[in-house]
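> Input file: start24.txt. Contents: compact mmCIF, C-alpha atoms and all ligand atoms.
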# COMPACT_ATOMS: atom_id res chain seq x y z
CA GLY A 1 -60.61 -1.20 66.87
CA HIS A 2 -57.00 -1.81 66.04
CA GLY A 3 -55.82 -1.87 69.66
CA ASN A 4 -58.35 -4.57 70.40
CA GLU A 5 -56.91 -6.92 67.79
CA TYR A 6 -54.32 -8.28 70.22
CA ILE A 7 -55.09 -10.00 73.48
CA LEU A 8 -51.44 -9.71 74.46
CA VAL A 9 -48.58 -7.43 73.50
CA ALA A 10 -45.14 -8.05 75.01
CA GLU A 11 -43.02 -5.15 73.92
CA ARG A 12 -39.22 -4.91 73.85
CA ILE A 13 -38.86 -7.43 76.64
CA VAL A 14 -35.39 -7.72 78.18
CA LYS A 15 -34.50 -10.36 80.77
CA ARG A 16 -30.98 -10.88 82.09
CA PHE A 17 -29.54 -13.59 84.30
CA GLY A 18 -26.34 -12.06 85.65
CA GLY A 19 -24.32 -11.18 82.58
CA LEU A 20 -26.44 -13.33 80.25
CA VAL A 21 -29.13 -11.63 78.20
CA ALA A 22 -31.69 -14.44 77.92
CA VAL A 23 -34.33 -12.25 76.23
CA ASP A 24 -33.04 -9.32 74.23
CA ASN A 25 -35.59 -6.70 73.19
CA ALA A 26 -38.17 -9.26 72.08
CA THR A 27 -41.59 -8.11 70.91
CA VAL A 28 -44.51 -10.49 70.35
CA LYS A 29 -48.13 -9.62 69.65
CA ILE A 30 -50.76 -12.30 70.03
CA ARG A 31 -53.97 -11.88 68.05
CA ARG A 32 -57.21 -12.88 69.70
CA LYS A 33 -58.60 -16.33 68.95
CA THR A 34 -55.44 -17.60 67.32
CA ILE A 35 -52.92 -20.30 67.99
CA THR A 36 -49.52 -18.62 67.93
CA LEU A 37 -46.37 -20.72 67.98
CA LEU A 38 -42.99 -19.79 69.45
CA ILE A 39 -40.04 -21.70 68.01
CA GLY A 40 -36.26 -21.52 68.21
CA PRO A 41 -33.30 -23.69 69.14
CA ASN A 42 -32.57 -24.65 72.75
CA GLY A 43 -31.40 -21.72 74.82
CA SER A 44 -32.88 -19.10 72.50
CA GLY A 45 -34.99 -17.58 75.28
CA LYS A 46 -38.46 -19.01 74.57
CA THR A 47 -39.17 -20.28 78.08
CA THR A 48 -37.79 -17.14 79.66
CA LEU A 49 -40.04 -14.97 77.49
CA LEU A 50 -43.05 -17.12 78.43
CA ASN A 51 -42.07 -16.80 82.08
CA VAL A 52 -41.91 -13.01 81.81
CA ILE A 53 -45.33 -12.88 80.13
CA ALA A 54 -46.87 -15.18 82.75
CA GLY A 55 -45.41 -13.17 85.63
CA TYR A 56 -42.84 -15.70 86.85
CA TYR A 57 -40.01 -13.28 86.04
CA ARG A 58 -40.05 -9.50 86.25
CA PRO A 59 -38.47 -8.15 83.05
CA ASP A 60 -35.41 -5.89 83.13
CA GLY A 61 -36.94 -3.91 80.30
CA GLY A 62 -40.10 -3.64 78.26
CA ARG A 63 -43.73 -4.11 79.15
CA VAL A 64 -46.49 -6.66 78.96
CA VAL A 65 -49.98 -5.50 78.00
CA PHE A 66 -52.82 -8.00 78.48
CA GLU A 67 -56.35 -7.09 77.41
CA GLY A 68 -55.26 -3.49 76.97
CA ARG A 69 -53.91 -3.26 80.51
CA ASP A 70 -50.27 -2.93 81.55
CA VAL A 71 -49.63 -6.05 83.64
CA THR A 72 -45.82 -5.87 83.70
CA GLY A 73 -44.50 -7.38 86.92
CA LEU A 74 -47.85 -8.71 88.17
CA PRO A 75 -47.42 -12.11 89.83
CA PRO A 76 -48.83 -15.28 88.21
CA HIS A 77 -51.86 -15.59 90.50
CA ARG A 78 -52.99 -12.06 89.63
CA LEU A 79 -52.63 -12.82 85.92
CA TYR A 80 -54.50 -16.10 86.45
CA HIS A 81 -57.41 -14.15 87.87
CA LEU A 82 -57.29 -11.77 84.91
CA GLY A 83 -57.58 -14.74 82.54
CA MET A 84 -54.04 -15.71 81.63
CA ALA A 85 -53.00 -19.25 82.50
CA ARG A 86 -49.86 -21.22 81.88
CA THR A 87 -49.67 -24.99 81.68
CA PHE A 88 -46.43 -26.62 82.61
CA GLN A 89 -44.11 -28.83 80.68
CA VAL A 90 -44.39 -31.44 83.38
CA PRO A 91 -48.04 -31.62 84.46
CA GLN A 92 -48.31 -32.03 88.19
CA PRO A 93 -51.81 -32.83 89.32
CA PHE A 94 -52.44 -34.37 92.71
CA PRO A 95 -51.93 -38.09 92.02
CA LYS A 96 -54.21 -39.42 94.75
CA LEU A 97 -57.14 -37.16 93.91
CA THR A 98 -59.47 -38.21 91.11
CA VAL A 99 -59.44 -36.73 87.64
CA LEU A 100 -62.63 -34.80 88.42
CA GLU A 101 -61.27 -33.46 91.71
CA ASN A 102 -58.12 -32.28 89.98
CA VAL A 103 -60.18 -30.37 87.42
CA LEU A 104 -62.40 -28.88 90.15
CA LEU A 105 -59.34 -27.74 92.06
CA ALA A 106 -58.33 -25.59 89.12
CA ALA A 107 -61.53 -23.52 89.26
CA LYS A 108 -61.16 -20.01 90.58
CA ARG A 109 -62.36 -19.92 94.15
CA HIS A 110 -63.11 -17.20 96.56
CA PRO A 111 -60.52 -16.54 99.25
CA GLY A 112 -60.94 -18.77 102.27
CA GLU A 113 -63.12 -21.24 100.42
CA SER A 114 -61.89 -24.76 100.87
CA PHE A 115 -62.09 -27.37 98.20
CA THR A 116 -62.65 -30.08 100.78
CA ALA A 117 -65.68 -28.29 102.28
CA PRO A 118 -68.27 -30.24 100.23
CA LEU A 119 -66.58 -33.49 101.23
CA ALA A 120 -66.91 -32.56 104.90
CA ARG A 121 -70.47 -31.32 104.38
CA GLY A 122 -71.37 -34.46 102.48
CA LYS A 123 -73.09 -32.58 99.68
CA TRP A 124 -72.47 -30.11 96.91
CA LEU A 125 -73.84 -26.58 97.01
CA PRO A 126 -75.58 -25.30 93.82
CA VAL A 127 -72.54 -23.23 92.84
CA GLU A 128 -70.45 -26.36 93.26
CA GLU A 129 -72.89 -28.34 91.14
CA GLU A 130 -72.41 -25.79 88.41
CA LEU A 131 -68.67 -26.26 88.68
CA VAL A 132 -69.05 -30.03 88.51
CA ASP A 133 -71.17 -29.66 85.35
CA LYS A 134 -68.54 -27.42 83.84
CA ALA A 135 -65.77 -29.84 84.84
CA PHE A 136 -67.62 -32.73 83.20
CA SER A 137 -68.18 -30.85 79.97
CA ILE A 138 -64.47 -30.01 79.85
CA LEU A 139 -63.58 -33.64 80.59
CA ARG A 140 -65.88 -34.73 77.75
CA LEU A 141 -64.15 -32.25 75.45
CA VAL A 142 -60.70 -33.70 76.22
CA GLY A 143 -62.04 -37.26 76.21
CA LEU A 144 -61.30 -38.05 79.84
CA ASP A 145 -64.87 -38.16 81.15
CA HIS A 146 -64.88 -41.96 81.38
CA LEU A 147 -61.92 -41.70 83.79
CA TRP A 148 -63.49 -39.06 86.03
CA ASP A 149 -63.28 -41.14 89.23
CA HIS A 150 -59.82 -42.59 88.60
CA PRO A 151 -56.89 -41.29 90.62
CA ALA A 152 -54.90 -38.87 88.44
CA GLY A 153 -51.77 -40.85 89.32
CA GLN A 154 -53.05 -43.74 87.18
CA LEU A 155 -53.24 -41.73 83.95
CA SER A 156 -50.79 -42.22 81.10
CA GLY A 157 -48.41 -39.43 80.12
CA GLY A 158 -50.66 -38.32 77.27
CA GLN A 159 -53.77 -38.36 79.45
CA MET A 160 -51.91 -36.27 82.02
CA LYS A 161 -51.34 -33.64 79.34
CA LEU A 162 -55.05 -33.65 78.52
CA LEU A 163 -55.80 -33.31 82.22
CA GLU A 164 -53.45 -30.35 82.44
CA ILE A 165 -55.24 -28.66 79.54
CA ALA A 166 -58.60 -29.43 81.18
CA ARG A 167 -57.41 -27.84 84.41
CA THR A 168 -56.23 -24.74 82.58
CA LEU A 169 -59.63 -24.42 80.88
CA MET A 170 -61.39 -24.84 84.19
CA SER A 171 -59.63 -21.68 85.34
CA GLY A 172 -61.62 -19.77 82.70
CA ALA A 173 -58.46 -18.64 80.95
CA LYS A 174 -58.82 -16.47 77.85
CA LEU A 175 -55.11 -16.74 77.03
CA VAL A 176 -53.39 -20.08 77.53
CA LEU A 177 -49.59 -20.28 77.51
CA MET A 178 -48.23 -23.76 76.88
CA ASP A 179 -44.82 -25.38 77.02
CA GLU A 180 -44.59 -28.21 74.52
CA PRO A 181 -48.12 -29.60 74.77
CA ILE A 182 -47.28 -32.58 72.56
CA ALA A 183 -43.74 -33.37 73.70
CA GLY A 184 -43.32 -37.08 74.40
CA VAL A 185 -46.78 -38.18 73.28
CA ASN A 186 -47.46 -40.50 70.35
CA PRO A 187 -48.53 -38.92 67.03
CA THR A 188 -52.16 -40.06 67.35
CA LEU A 189 -52.59 -38.41 70.72
CA ALA A 190 -50.57 -35.39 69.57
CA HIS A 191 -53.07 -34.79 66.75
CA ARG A 192 -55.93 -35.26 69.19
CA ILE A 193 -54.48 -32.67 71.57
CA LEU A 194 -53.95 -30.20 68.71
CA ASP A 195 -57.44 -30.84 67.29
CA PHE A 196 -58.75 -30.10 70.72
CA ILE A 197 -56.75 -26.86 70.94
CA VAL A 198 -58.16 -25.82 67.54
CA ARG A 199 -61.71 -26.44 68.77
CA LEU A 200 -61.05 -24.29 71.83
CA ARG A 201 -59.61 -21.55 69.65
CA ASP A 202 -62.80 -21.65 67.62
CA GLN A 203 -64.68 -21.15 70.88
CA GLY A 204 -62.65 -17.99 71.51
CA ILE A 205 -59.62 -19.04 73.53
CA THR A 206 -56.18 -17.78 72.47
CA PHE A 207 -53.08 -19.96 72.64
CA PHE A 208 -49.37 -19.10 72.75
CA ILE A 209 -47.38 -22.28 72.47
CA ILE A 210 -43.74 -23.35 72.56
CA GLU A 211 -43.41 -26.54 70.53
CA HIS A 212 -40.52 -28.37 68.90
CA ARG A 213 -42.45 -30.97 66.94
CA LEU A 214 -43.16 -28.71 64.00
CA ASP A 215 -43.85 -31.63 61.66
CA ILE A 216 -47.01 -32.32 63.65
CA ALA A 217 -47.89 -28.87 64.99
CA MET A 218 -47.49 -26.71 61.86
CA LYS A 219 -50.83 -27.24 60.20
CA TYR A 220 -52.77 -26.36 63.34
CA VAL A 221 -51.09 -23.03 63.90
CA ASP A 222 -52.18 -19.56 62.71
CA TYR A 223 -49.02 -17.57 63.29
CA ALA A 224 -45.42 -18.14 64.38
CA TYR A 225 -42.53 -16.32 66.00
CA ALA A 226 -38.96 -17.58 65.88
CA MET A 227 -36.32 -16.67 68.44
CA ALA A 228 -32.55 -17.04 68.40
CA ARG A 229 -30.09 -15.79 71.01
CA GLY A 230 -32.83 -13.99 72.90
CA ARG A 231 -34.13 -12.07 69.90
CA VAL A 232 -37.17 -12.47 67.70
CA ILE A 233 -35.66 -13.17 64.28
CA ALA A 234 -38.79 -13.96 62.25
CA GLU A 235 -42.58 -13.86 62.43
CA GLY A 236 -45.41 -14.65 60.06
CA ARG A 237 -47.31 -17.62 58.69
CA PRO A 238 -45.82 -20.80 60.15
CA GLU A 239 -44.66 -22.23 56.82
CA GLU A 240 -42.92 -18.94 56.00
CA VAL A 241 -41.19 -18.79 59.35
CA VAL A 242 -39.85 -22.35 59.31
CA SER A 243 -38.49 -21.91 55.78
CA ASN A 244 -36.88 -18.55 56.58
CA PRO A 245 -33.08 -18.94 56.04
CA LEU A 246 -32.31 -17.05 59.26
CA VAL A 247 -34.44 -19.52 61.20
CA ILE A 248 -32.91 -22.55 59.50
CA ASP A 249 -29.41 -21.18 60.19
CA SER A 250 -30.25 -20.61 63.85
CA TYR A 251 -31.06 -24.32 64.25
CA LEU A 252 -27.95 -25.44 62.37
CA GLY A 253 -25.64 -22.90 64.01
CA GLY A 254 -26.72 -23.88 67.53
P1 LIG A 301 -35.32 -21.98 75.53
O1 LIG A 301 -36.60 -22.07 76.25
O2 LIG A 301 -35.44 -21.34 74.19
O3 LIG A 301 -34.60 -23.29 75.46
P2 LIG A 301 -34.45 -20.52 77.86
O4 LIG A 301 -35.35 -19.35 77.98
O5 LIG A 301 -34.71 -21.69 78.73
O6 LIG A 301 -34.37 -20.97 76.34
O7 LIG A 301 -32.96 -20.05 78.14
C1 LIG A 301 -32.39 -18.89 77.53
C2 LIG A 301 -31.02 -18.66 78.14
O8 LIG A 301 -31.18 -18.25 79.48
C3 LIG A 301 -30.15 -19.91 78.17
O9 LIG A 301 -28.81 -19.52 77.94
C4 LIG A 301 -30.35 -20.42 79.57
O10 LIG A 301 -29.21 -21.14 79.99
C5 LIG A 301 -30.52 -19.14 80.36
N1 LIG A 301 -31.37 -19.30 81.53
C6 LIG A 301 -32.68 -19.68 81.53
N2 LIG A 301 -33.18 -19.67 82.78
C7 LIG A 301 -32.17 -19.28 83.59
C8 LIG A 301 -32.05 -19.05 85.01
N3 LIG A 301 -33.09 -19.25 85.84
N4 LIG A 301 -30.85 -18.66 85.49
C9 LIG A 301 -29.81 -18.46 84.67
N5 LIG A 301 -29.84 -18.64 83.34
C10 LIG A 301 -31.01 -19.03 82.80
Represent the structure of the file as structure tokens.

Amino acid sequence: GHGNEYILVAERIVKRFGGLVAVDNATVKIRRKTITLLIGPNGSGKTTLLNVIAGYYRPDGGRVVFEGRDVTGLPPHRLYHLGMARTFQVPQPFPKLTVLENVLLAAKRHPGESFTAPLARGKWLPVEEELVDKAFSILRLVGLDHLWDHPAGQLSGGQMKLLEIARTLMSGAKLVLMDEPIAGVNPTLAHRILDFIVRLRDQGITFFIIEHRLDIAMKYVDYAYAMARGRVIAEGRPEEVVSNPLVIDSYLGG
């Protein structure tokens, strides 16, 4: 039905830092199996809104509904278990562990279960074998399978971003929140990352993405929201939003 159309609804979100209203009554609705973009000039409240949605900040007003359930104020690890995962602007895998180990570490585990247990045991249990299979198929998808036994610390910046996406997928996330997935990577790799995100969307994963490189990102995106001074000032098809005079003014006005 209609209520099922959105995987996430963040309604009238308010977040203040002291006297500053960083997010001011912002509402965003994310349709299932879409790539939704969040744009706006620096300081417009994008990261803060993402942090409220992902549970890093408790909002001063409004509510967050994920999969039809009010999750306002739940901490990130609870949301992670419900299927919402956030990648970070600066990917921070464990540099001395291999690419494969880093992906495996991102899998949801039962409390008390140690990742190093199979290393101590000297063998993988069947459930762990399943996880390894899954990790390899994700690594193939992002094109890092040939580097599976390399220390993550040896990857390039772009490969680190792919690894971060792989780790997020390993968590089984249904909704992935991303901060600038293509910032600082060359155009070829940027297109590869976005192609990859499109393929995952087609497999049923929903993305909510902050990205500044609109020239590259636009054609991959289904829907866009624009923020300025903490408010949502436009939403719609990406090409409509970026050509909206209010949005253009917000970038020029600073
Ligand atoms: P954007 O991601 O669009 O660049 P942010 O959400 O980072 O914007 O910031 C929105 C406003 O909130 C800015 O004025 C910023 O300085 C302020 N802000 C963000 N995080 C904090 C914080 N932890 N403490 C105080 N002010 C913050």
> Have a look at A:Tyr251, A:Phe196, A:Phe136, A:Trp148 and name the one nearest to Arg229 in chain A; count all atoms listed in the file.
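Using all atoms listed in the file, the shortest distance to Arg229 in chain A belongs to A:Tyr251.
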> To one decimal place, how far is CA of Ala173 in chain A from CA of Leu74 in chain A in Å?
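One can read the CA of Ala173 in chain A to CA of Leu74 in chain A distance as 16.2 Å.
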> Throw together the list of residues within 9 Å of ligand LIG 301 (chain A), counting only C-alpha atoms and all ligand atoms, and drop it here as a JSON list (two decimals) with C-alpha atoms, in the frame of the given file.

[["chain", "number", "residue", "atom", "x", "y", "z"],
["A", 15, "LYS", "CA", -34.50, -10.36, 80.77],
["A", 16, "ARG", "CA", -30.98, -10.88, 82.09],
["A", 17, "PHE", "CA", -29.54, -13.59, 84.30],
["A", 18, "GLY", "CA", -26.34, -12.06, 85.65],
["A", 20, "LEU", "CA", -26.44, -13.33, 80.25],
["A", 21, "VAL", "CA", -29.13, -11.63, 78.20],
["A", 22, "ALA", "CA", -31.69, -14.44, 77.92],
["A", 23, "VAL", "CA", -34.33, -12.25, 76.23],
["A", 39, "ILE", "CA", -40.04, -21.70, 68.01],
["A", 40, "GLY", "CA", -36.26, -21.52, 68.21],
["A", 41, "PRO", "CA", -33.30, -23.69, 69.14],
["A", 42, "ASN", "CA", -32.57, -24.65, 72.75],
["A", 43, "GLY", "CA", -31.40, -21.72, 74.82],
["A", 44, "SER", "CA", -32.88, -19.10, 72.50],
["A", 45, "GLY", "CA", -34.99, -17.58, 75.28],
["A", 46, "LYS", "CA", -38.46, -19.01, 74.57],
["A", 47, "THR", "CA", -39.17, -20.28, 78.08],
["A", 48, "THR", "CA", -37.79, -17.14, 79.66],
["A", 49, "LEU", "CA", -40.04, -14.97, 77.49],
["A", 50, "LEU", "CA", -43.05, -17.12, 78.43],
["A", 51, "ASN", "CA", -42.07, -16.80, 82.08],
["A", 179, "ASP", "CA", -44.82, -25.38, 77.02],
["A", 210, "ILE", "CA", -43.74, -23.35, 72.56],
["A", 227, "MET", "CA", -36.32, -16.67, 68.44],
["A", 228, "ALA", "CA", -32.55, -17.04, 68.40],
["A", 229, "ARG", "CA", -30.09, -15.79, 71.01],
["A", 230, "GLY", "CA", -32.83, -13.99, 72.90]]
> Tell me, in Å to one decimal, how far CA of Asp60 in chain A is from CA of Thr27 in chain A.
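That distance, rounded to one decimal, is 13.9 Å.
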> Please identify all polymer residues within 8 Å of Arg63 in chain A, counting all atoms listed in the file, omitting same-chain residues fewer than 6 positions from it, and present them as number ranges by chain.
A: 10-13, 70-72
> Take CA of Phe94 in chain A and CA of Leu155 in chain A and report the distance between them in Å, one decimal.
11.5 Å
> Do you know which residues are at most 6 Å from Phe208 in chain A counting all atoms listed in the file, after dropping those on the same chain fewer than 2 positions away, and could you put them as a VMD selection string?
chain A and resid 36 to 37 177
> With distances taken over all atoms listed in the file, which residue among A:Val99, A:Ile30, A:Ile209, A:Leu38 lies nearest Val241 in chain A?
A:Leu38
> So, counting only C-alpha atoms, which residue among A:Arg86, A:Arg167, A:Arg58, A:His81 is closest to Glu101 in chain A?
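The shortest atom-to-atom distance to Glu101 in chain A comes from A:Arg167.
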> Kindly indicate which residue among A:Val28, A:Ala85, A:Ala152, A:Val52 lies nearest to Leu97 in chain A, using all atoms listed in the file for the distances.
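Ranking A:Val28, A:Ala85, A:Ala152, A:Val52 by distance to Leu97 in chain A, first place goes to A:Ala152.
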> Counting all atoms listed in the file, figure out which residue out of A:Leu200, A:Ile35, A:Val232, A:Val242 gets nearest to Asp215 in chain A.
A:Val242
> Closest to Gly83 in chain A among A:Glu240, A:Ile53, A:Gly172, A:Tyr220, using all atoms listed in the file?
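Of all the options, A:Gly172 lies closest to Gly83 in chain A.
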> Could you check which residues have any atom within 9 Å of (-46.2, -14.7, 59.4), counting all atoms listed in the file with coordinates taken straight from the file, and then list them as number ranges by chain?
A: 222-225, 234-241
> (-48.4, -35.7, 69.4) in this file's frame - what residues fall within 12 Å of it? Use only C-alpha atoms and give the answer as an NGL selection string.
:A and (157-159 or 161-162 or 180-196 or 211-218 or 220)
